[in-house]
Each structure stands twice: as structure tokens, then as C-alpha cells.
Amino acid sequence: MTNAQKGRSYSCWLGYDPVEDAAARELGQVALRKICLQADGATGECIAAELKRAAQGLFDLEPEMVSRPSEASLVVGVGLAGDQELDEEGFLVQELTPSGSLQIAAKTDRGLLYGVFAFLRELRLGRFLLGKENPAVPLRMLNHWDNLDGSVERGYAGTSIFWDGGGLASDLSRVADYARLLASVGINGISVNNVNVHADETALIGPKLPLVARLADIFRPWGIRIFLSVSYASPVELGGLPTADPLDPQVQNWWAERARAIYSRIPDFGGFVVKADSEHRPGPFTYGRDHAQGANMLARALGPYGGIVVWRCFVYNCTQDWRDYKTDRAKAAYDTFMPLDGKFDSNVVLQIKNGPMDFQIREPVSPLFGGLSHTNQMLELQITQEYTGQQRDLCYLVPMWKEVLDFDTFARGQGSAVKDIVAGKVFSQTYSGIAGVANVGSDPNWTGHTLAQANLYGFARLCWDPNLSAAAIAEEWIQLTFGPNAKVREVILEMLLRSREIYENYTVPLGIGWMVNPGHHYGPNVDGYEYDRWGTYHRADCWAIGVDRTAKGGTGFAGQYHPPNAQMYESRETCPEELLLFFHRAGYKERLRSGKTLIQHIYDSHFAGVEQVEEMIDRWNSLAGLVDPEIFIHVAERLQDQLKNAIEWRDVVNSYFYRKSGIPDERGRTIY
Ligand code: GCV
């Protein structure tokens, strides 16, 4: 299938449609006329191909490739003047005098690749990029939860683009297109299998290793290192050993031998991602060992080759009794990992979900950020919309991620934001970064909902520069995807920027979370997880709802933060209201800052959420004839689905609380 047959949305933000603006056109035509590329190897080929493709598509130009810099209008090269202040992955774009030609310089081919993509992006946005850029965050990674049978855990965009029927997918050209897409926004690492590693996937570090090597070959030219999720029990499951005890020399040797085998096939292999002792996955606890002992053993196997262990902190008791009010899942990761701070090897990096629970529409930031001060750490975000509309409902997640990144942990006093921790600026860390659980699959538009491409784009842009605003990222993405039409930009921008608030309005009130159908997690079910074992309780009765997580009378979770935050959450008066029910138990008749009672707030926000989806539909409909017709129809259909979902949420949630509390809606609207 050609890309044209795959439809306009296949090319995402890299559709090089002709530039219409005369000035930008002239600029591009002049700059890309004669190119001197001083980069060899496969990455050099990618750069050359990209420049030609862009020149052709954007400016209808066939650039001449010249070998002498003095003849070129654009020089792209490693080791050119001015690259002294650059990091390994940074780049510099400058105008040379007196020739007036342009130069993109970097210390590495990867830096050049990023420089070229950034230069082209800015040209397409009608801006002229000059100056130096280094990525803020060192590890900029995607985690795929893909299984070898082709299914994707929490995938909402078709099947896996990597795997099918126990082996590689038949069309690997799709993987190459994906690698290019990710490189264009600076992603430099990818794990290609689910963190829940089953028998088939365990073979990826054994007999199926050649399959991984093939994927690594595809990603390599684009500057992306490949990682694998591994099962902690691999020595038993694959190696036939009686134990996976990290202190057992046989086990250590087994992993060392596996590492040797992997690096002999994939010399730039990134390392392992590990979900251990979590949701029934095996781990060091089985052998009475802690997570530092568990992770360090793997790190020592990978260390000689420069590999790292990404060790997830998503560890909690998933067999809780709902009558147990003492255990608090929110506290679990901190309780497990804080005592181990400083005990991890330098090539272990702890991967921490943004919130203490699990990717809900509203959660506080995990207190492990700012808590851990002697340990490499990275942030885990969920791009795939498990709890945020599953790519059927529109939910632009960048504003939420910005809140996380901007959150000041006060670890070193004021000014110790999460974005600085993941950039490695607050504590001394050998590795730091951000990982996103990918939202991509085999659907022609990659992400199920075409507008969910904005989340993939936005994730990567924030990794590169967490100081970009959610609006600036959205504007870039809209223009690169839909072109320069001002009305299109204005409408989609507003839809994206309001979508999180709208989704929150019709779903779960004030930070309490969950209330979803168990298992698949789409649609409302207020008590779906209430009497279950997962530790996800809202504790609603006929008077009140919410969990007291204060240090004073509650579970003590609020006390896991540094003082200014701990105090802020501890007090009902200063706790941000959108997190009220996460930290406090509140009566339905209690007044919120708006003057409304809690119950009235629940009713009003749910009615408002549905009305806002209706408005969004009208707004989108005003774009008929202005966007690609297939995309127009596709988004219109998704919005209709979203409306149905919003109505169901409104009615289920409002009826539940009306029946529980017996308090009618002040405005007498229909509640069942
Ligand atoms: C991959 C949640 C999801 C699981 C996921 C898990 C995790 O519980 O529902 O599908 O497993 O998080 O992050 O490990």
C-alpha cells in the first residue's frame, strides 16, 4: 500500500504539503538548493533522504548535493565550527558570513538528524530557526505494551506494528516509518514488548533474539536504541534454573551470558525494562531480596556493555481487602523504594508513574519525585489513553503532563521541579529521563483517534523541551498536520486545550479516580472497583465520599511530600480543590470554594461535561470542507461516540450520588 492509499493521517506531522506562503517558499527554495552533507553511514542517508523529500514536497525542488561547503546553500555536518557548547544530541543552526549560506552543525549524526528535522519543522511553521538547542531530558523513551501475538495491552489503535503470530509483523516498512516519525521529534529509546512479559516474549532474550536485532537495525539509523522488557523469572522460565534469586551465582552467570549474547547481536542495545513484584509479576521478593538487590544484579550483567536497567516503581499490594482502611495503595511505591534510596547501581534508573495510583485523569504527583535524592530516576507517562478516553474520547494530555513537570517538589527548597529532576539538574544522576507508554498501533492513522496524534507529538516535544507550553505544542502540531488555515487552527486548538477539563467534568470528580468498568476500563461503573482487591476505593456512603490521606487522621500519604506540599495537601482549606477527594473525605453538603455544595458540584460538572462535548461537535462541524474529508468524517464519528460515553457517565454518576445521598439537583434536571 502506498502512503497516499494509507490516507492523509498516515503521515502525521510529517506530511510535506507544498508551502504556500511566498516568503517562506522563497526562503526554503534558497536554503535547500545546494546541500553539502558531511555525515556518513545510515544516519547520513536518512538525513539526505529527508532533506530531498522535504525540498520536493514543500518547495517542489530537487536539491543538488555538492561536496564542497563553499558551493552549498546549506551545510550539514559533524565537527563544524561553533559546536563547542553542544551536548551529544544538540545542534546549532547558523548563518555563515559573507556567503549567507546556512549551517546545521552537531557533534554527532544524531544531533544533525534532530537539527535537520527542527529546521524543516520551523520552515513549515513559517519561522526561521537560528541558534543552538540541546534536548533538556537525556532519555526520551517510548514503552510499547505490545505482545508477540500482535495484541497490545491497553492499545486503542489496532494491533501491534512490531509483532504478529509469535513473530515479527509482515510489514516492517511500517516500523521504518515509525522510526522516522519518532526521530523527527527526538525520541531516542524504545522498548518493544509489554512490561507484562509472558512466555513467548521471554524468548526474545533467547531463541527469538534475531527478531529484536532486526527491529534494532530499523531503529538504529534514526538514533533510537532498542530496549526489551524482561521477566524477572527468565532464568527459570527460559534457562531451566531452579531459581531466579539475584544473589545466586548461577542466576548472575545466566544473565551475564544473556547480556553477552544480546550485545553480540545488538551492540547498541539500550537495556531492560522491568516490572517486578507488581500485579503478579515475578520479582526479587520471592527470594526475600529487595528491589535494589534485584535491579543491581541485572545492571551488573548489562554494565560491561553500557546497558541500563529501567526498573519500574509500580509496586503495590493488588490483593487488598476493601475493608482494610489502613493500607493505602497511594503510599506503596514510596514505602518500597525510599528505604533503598542510594542503594541502586549507577546504571539502574527507577521509572516512576506520574501519580501514586495509575494514570487517572487527576492525581497528585508521585512523592517519590523529590523524595529519592540519590537514585537515577525517570518519569513514566501514559500516552495511551487507558483511563482518559481510550482514543475514542478526545483528551489532549499535554496540559496534564505540564502540571506534572512543573510541580515543585521542594526537594532542594523552592525550584526543584519534576522537569528539572528528569533533566538531571536537581540531583546528581547518571541517567534520567521520561518514558511514555505508546498510543500507537496498526490503524492507518497510528493512534486510533487522529487527534490523539497530538499526544504522541506533544509527549516527545515536552521531552525535548519541558518549558514549551501546551498551547504552543498544540499550535505546532495543528499547523504541521492540518496546514496554515487560521480557522482550522483556532477551532482545533480550543478543542484540544479544553478536552482534558471536559473529560474530567463528565467522568470522575475531584481527583478520586477510577469509577470505570473493571477490566477494560472504558465507561462508568462507580462501584466497579469499590469492593475489589486493587486498592482503588472512593469510599462513598450516604453522607460523604473521599479518602482521608492526611498525616493527622488519615492514611498518612500527604506526609510523604516535602513540607510545603505536605502542609498544602494536609489541610482541607489549602488542598487544591481538584484533588479534594484524593486527600480528604468530604460530606455531600459541604461547600466548595465556588460556594456550591459538593453534591451540586458533582451534578453540575457532569451536566456541563455533556454540554461541552455537544459544543465541541458543533465546533468541529464548522470545519467541514476545511480539513481532509476522511479525517473530518473520522473525527466527527469519534465525537459522536464521545457524546454517548459522556451521557452515560453523566447519568450513571449523577444517579449513583443522588440515590446514595438522597439530595436532589437544585436545578431539577433529570437524574434517574
Ligand atoms: C501493563 C495498569 C494497567 C495494566 C498495566 C499496569 C502497569 O494496571 O491496567 O494493563 O500493565 O498498569 O503499568 O504495569
# chains A, B, ... in the order shown; residues from 1 in each chain; ligands from 1
>>> residues_near_ligand(ligand="ligand 1", cutoff="9 Å", atoms="only C-alpha atoms and all ligand atoms", output="list in words")
Trp145, Glu153, Arg154, Asn194, Val195, Asn196, Lys275, Ser278, Glu279, Arg312, Phe314, Val315, Lys353, Asp358, Phe359, Gln382, Glu386, Tyr387, Val437, Gly519, His520 and His521 of chain A
>>> select_by_dssp(residues="range 166-357 of chain A", states="alpha helix (DSSP H)", output="PyMOL selection string")
chain A and resi 173-184+199-202+209-219+234-237+249-265+291-302+329-337
>>> select_by_dssp(residues="range 44-146 of chain A", states="strand (DSSP E)", output="list of chain:residue names")
A:Glu64, A:Met65, A:Leu74, A:Val75, A:Val76, A:Gly77, A:Val78, A:Phe91, A:Leu92, A:Val93, A:Gln94, A:Glu95, A:Leu102, A:Gln103, A:Ile104, A:Ala105, A:Ala106, A:Gly131, A:Lys132, A:Glu133, A:Leu139, A:Arg140, A:Met141, A:Leu142, A:Asn143
>>> write_last_selection(atoms="N, CA, C and O atoms", output="JSON list (two decimals), in the first residue's frame")
[["chain", "number", "residue", "atom", "x", "y", "z"],
["A", 64, "GLU", "N", 20.47, 19.98, -5.20],
["A", 64, "GLU", "CA", 21.72, 19.43, -5.73],
["A", 64, "GLU", "C", 22.61, 19.11, -4.53],
["A", 64, "GLU", "O", 22.79, 19.94, -3.65],
["A", 65, "MET", "N", 23.17, 17.90, -4.49],
["A", 65, "MET", "CA", 24.05, 17.53, -3.39],
["A", 65, "MET", "C", 25.49, 17.85, -3.84],
["A", 65, "MET", "O", 25.95, 17.31, -4.86],
["A", 74, "LEU", "N", 23.33, 25.17, 1.94],
["A", 74, "LEU", "CA", 23.13, 24.60, 3.27],
["A", 74, "LEU", "C", 24.23, 23.56, 3.53],
["A", 74, "LEU", "O", 24.40, 22.63, 2.74],
["A", 75, "VAL", "N", 24.95, 23.75, 4.63],
["A", 75, "VAL", "CA", 25.97, 22.78, 5.01],
["A", 75, "VAL", "C", 25.47, 22.06, 6.27],
["A", 75, "VAL", "O", 25.09, 22.70, 7.24],
["A", 76, "VAL", "N", 25.47, 20.75, 6.21],
["A", 76, "VAL", "CA", 25.01, 19.96, 7.36],
["A", 76, "VAL", "C", 26.16, 19.05, 7.74],
["A", 76, "VAL", "O", 26.56, 18.20, 6.93],
["A", 77, "GLY", "N", 26.71, 19.23, 8.94],
["A", 77, "GLY", "CA", 27.87, 18.40, 9.21],
["A", 77, "GLY", "C", 28.27, 18.29, 10.66],
["A", 77, "GLY", "O", 27.94, 19.12, 11.51],
["A", 78, "VAL", "N", 28.99, 17.23, 10.93],
["A", 78, "VAL", "CA", 29.56, 16.99, 12.26],
["A", 78, "VAL", "C", 30.92, 17.65, 12.30],
["A", 78, "VAL", "O", 31.65, 17.65, 11.31],
["A", 91, "PHE", "N", 22.24, 20.62, 18.57],
["A", 91, "PHE", "CA", 22.60, 21.12, 17.23],
["A", 91, "PHE", "C", 22.62, 22.64, 17.24],
["A", 91, "PHE", "O", 22.09, 23.29, 18.15],
["A", 92, "LEU", "N", 23.24, 23.17, 16.21],
["A", 92, "LEU", "CA", 23.37, 24.61, 16.06],
["A", 92, "LEU", "C", 23.03, 24.98, 14.62],
["A", 92, "LEU", "O", 23.56, 24.37, 13.68],
["A", 93, "VAL", "N", 22.14, 25.94, 14.47],
["A", 93, "VAL", "CA", 21.84, 26.41, 13.11],
["A", 93, "VAL", "C", 22.34, 27.84, 13.03],
["A", 93, "VAL", "O", 21.97, 28.70, 13.86],
["A", 94, "GLN", "N", 23.21, 28.13, 12.08],
["A", 94, "GLN", "CA", 23.72, 29.49, 11.96],
["A", 94, "GLN", "C", 23.89, 29.91, 10.51],
["A", 94, "GLN", "O", 24.03, 29.06, 9.62],
["A", 95, "GLU", "N", 23.88, 31.23, 10.33],
["A", 95, "GLU", "CA", 24.09, 31.78, 9.00],
["A", 95, "GLU", "C", 25.57, 32.08, 8.85],
["A", 95, "GLU", "O", 26.17, 32.65, 9.77],
["A", 102, "LEU", "N", 23.67, 28.64, 4.98],
["A", 102, "LEU", "CA", 23.27, 28.18, 6.32],
["A", 102, "LEU", "C", 24.08, 26.96, 6.72],
["A", 102, "LEU", "O", 24.49, 26.17, 5.87],
["A", 103, "GLN", "N", 24.22, 26.80, 8.04],
["A", 103, "GLN", "CA", 24.96, 25.64, 8.51],
["A", 103, "GLN", "C", 24.20, 24.98, 9.65],
["A", 103, "GLN", "O", 23.75, 25.66, 10.58],
["A", 104, "ILE", "N", 24.03, 23.69, 9.57],
["A", 104, "ILE", "CA", 23.50, 22.94, 10.71],
["A", 104, "ILE", "C", 24.65, 22.08, 11.22],
["A", 104, "ILE", "O", 25.16, 21.21, 10.50],
["A", 105, "ALA", "N", 25.08, 22.36, 12.43],
["A", 105, "ALA", "CA", 26.25, 21.68, 12.98],
["A", 105, "ALA", "C", 25.85, 20.88, 14.21],
["A", 105, "ALA", "O", 24.91, 21.24, 14.92],
["A", 106, "ALA", "N", 26.58, 19.79, 14.43],
["A", 106, "ALA", "CA", 26.34, 18.98, 15.63],
["A", 106, "ALA", "C", 27.59, 18.18, 15.93],
["A", 106, "ALA", "O", 28.50, 18.11, 15.12],
["A", 131, "GLY", "N", 20.23, 29.33, 15.91],
["A", 131, "GLY", "CA", 20.67, 29.21, 17.30],
["A", 131, "GLY", "C", 20.92, 27.77, 17.66],
["A", 131, "GLY", "O", 20.89, 26.87, 16.83],
["A", 132, "LYS", "N", 21.13, 27.61, 18.97],
["A", 132, "LYS", "CA", 21.58, 26.31, 19.46],
["A", 132, "LYS", "C", 20.47, 25.66, 20.28],
["A", 132, "LYS", "O", 19.74, 26.35, 20.99],
["A", 133, "GLU", "N", 20.37, 24.36, 20.20],
["A", 133, "GLU", "CA", 19.40, 23.64, 21.04],
["A", 133, "GLU", "C", 20.02, 22.35, 21.53],
["A", 133, "GLU", "O", 20.62, 21.62, 20.74],
["A", 139, "LEU", "N", 17.08, 10.79, 28.52],
["A", 139, "LEU", "CA", 16.42, 9.59, 27.98],
["A", 139, "LEU", "C", 15.00, 9.95, 27.59],
["A", 139, "LEU", "O", 14.18, 10.30, 28.44],
["A", 140, "ARG", "N", 14.71, 9.84, 26.31],
["A", 140, "ARG", "CA", 13.38, 10.24, 25.81],
["A", 140, "ARG", "C", 12.80, 8.99, 25.13],
["A", 140, "ARG", "O", 13.06, 8.72, 23.97],
["A", 141, "MET", "N", 12.01, 8.31, 25.91],
["A", 141, "MET", "CA", 11.74, 6.92, 25.55],
["A", 141, "MET", "C", 10.27, 6.60, 25.38],
["A", 141, "MET", "O", 9.42, 7.20, 26.05],
["A", 142, "LEU", "N", 9.98, 5.64, 24.52],
["A", 142, "LEU", "CA", 8.62, 5.11, 24.43],
["A", 142, "LEU", "C", 8.61, 3.67, 24.92],
["A", 142, "LEU", "O", 9.53, 2.91, 24.62],
["A", 143, "ASN", "N", 7.58, 3.34, 25.66],
["A", 143, "ASN", "CA", 7.38, 1.95, 26.10],
["A", 143, "ASN", "C", 6.17, 1.39, 25.36],
["A", 143, "ASN", "O", 5.08, 1.96, 25.46]]
>>> atom_distance(atom1="CA of Leu493 in chain A", atom2="CA of Ala471 in chain A")
7.3 Å
>>> closest_atom_pairs(of="range 102-134 of chain A", to="range 221-233 of chain A", cutoff="9 Å", atoms="only C-alpha atoms", output="Markdown table")
| residue | atom | partner | partner_atom | distance |
| --- | --- | --- | --- | --- |
| A:Asp109 | CA | A:Gly223 | CA | 8.2 |
| A:Arg110 | CA | A:Gly223 | CA | 5.6 |
| A:Leu113 | CA | A:Trp222 | CA | 7.7 |
>>> closest_residue(among="A:Thr384, A:Gln320, A:Leu80, A:Ile633", to="His144 in chain A", atoms="only C-alpha atoms")
A:Thr384
>>> atom_distance(atom1="CA of Ile308 in chain A", atom2="CA of Val348 in chain A")
5.8 Å
>>> atom_distance(atom1="CA of Val653 in chain A", atom2="CA of Met616 in chain A")
21.6 Å
>>> residues_around(residues="Asn376 in chain A", least_positions_apart="3", cutoff="10 Å", atoms="only C-alpha atoms", output="ChimeraX atom specification")
/A:310,341-342,344-351,372-373,421-422,424,427-433
>>> closest_residue(among="A:Pro444, A:Pro304, A:Pro282, A:Gly271", to="Val197 in chain A", atoms="only C-alpha atoms")
A:Pro282
>>> residues_around(residues="range 546-555 of chain A", least_positions_apart="6", cutoff="6 Å", atoms="only C-alpha atoms", output="ChimeraX atom specification")
/A:538-539,570,581-585
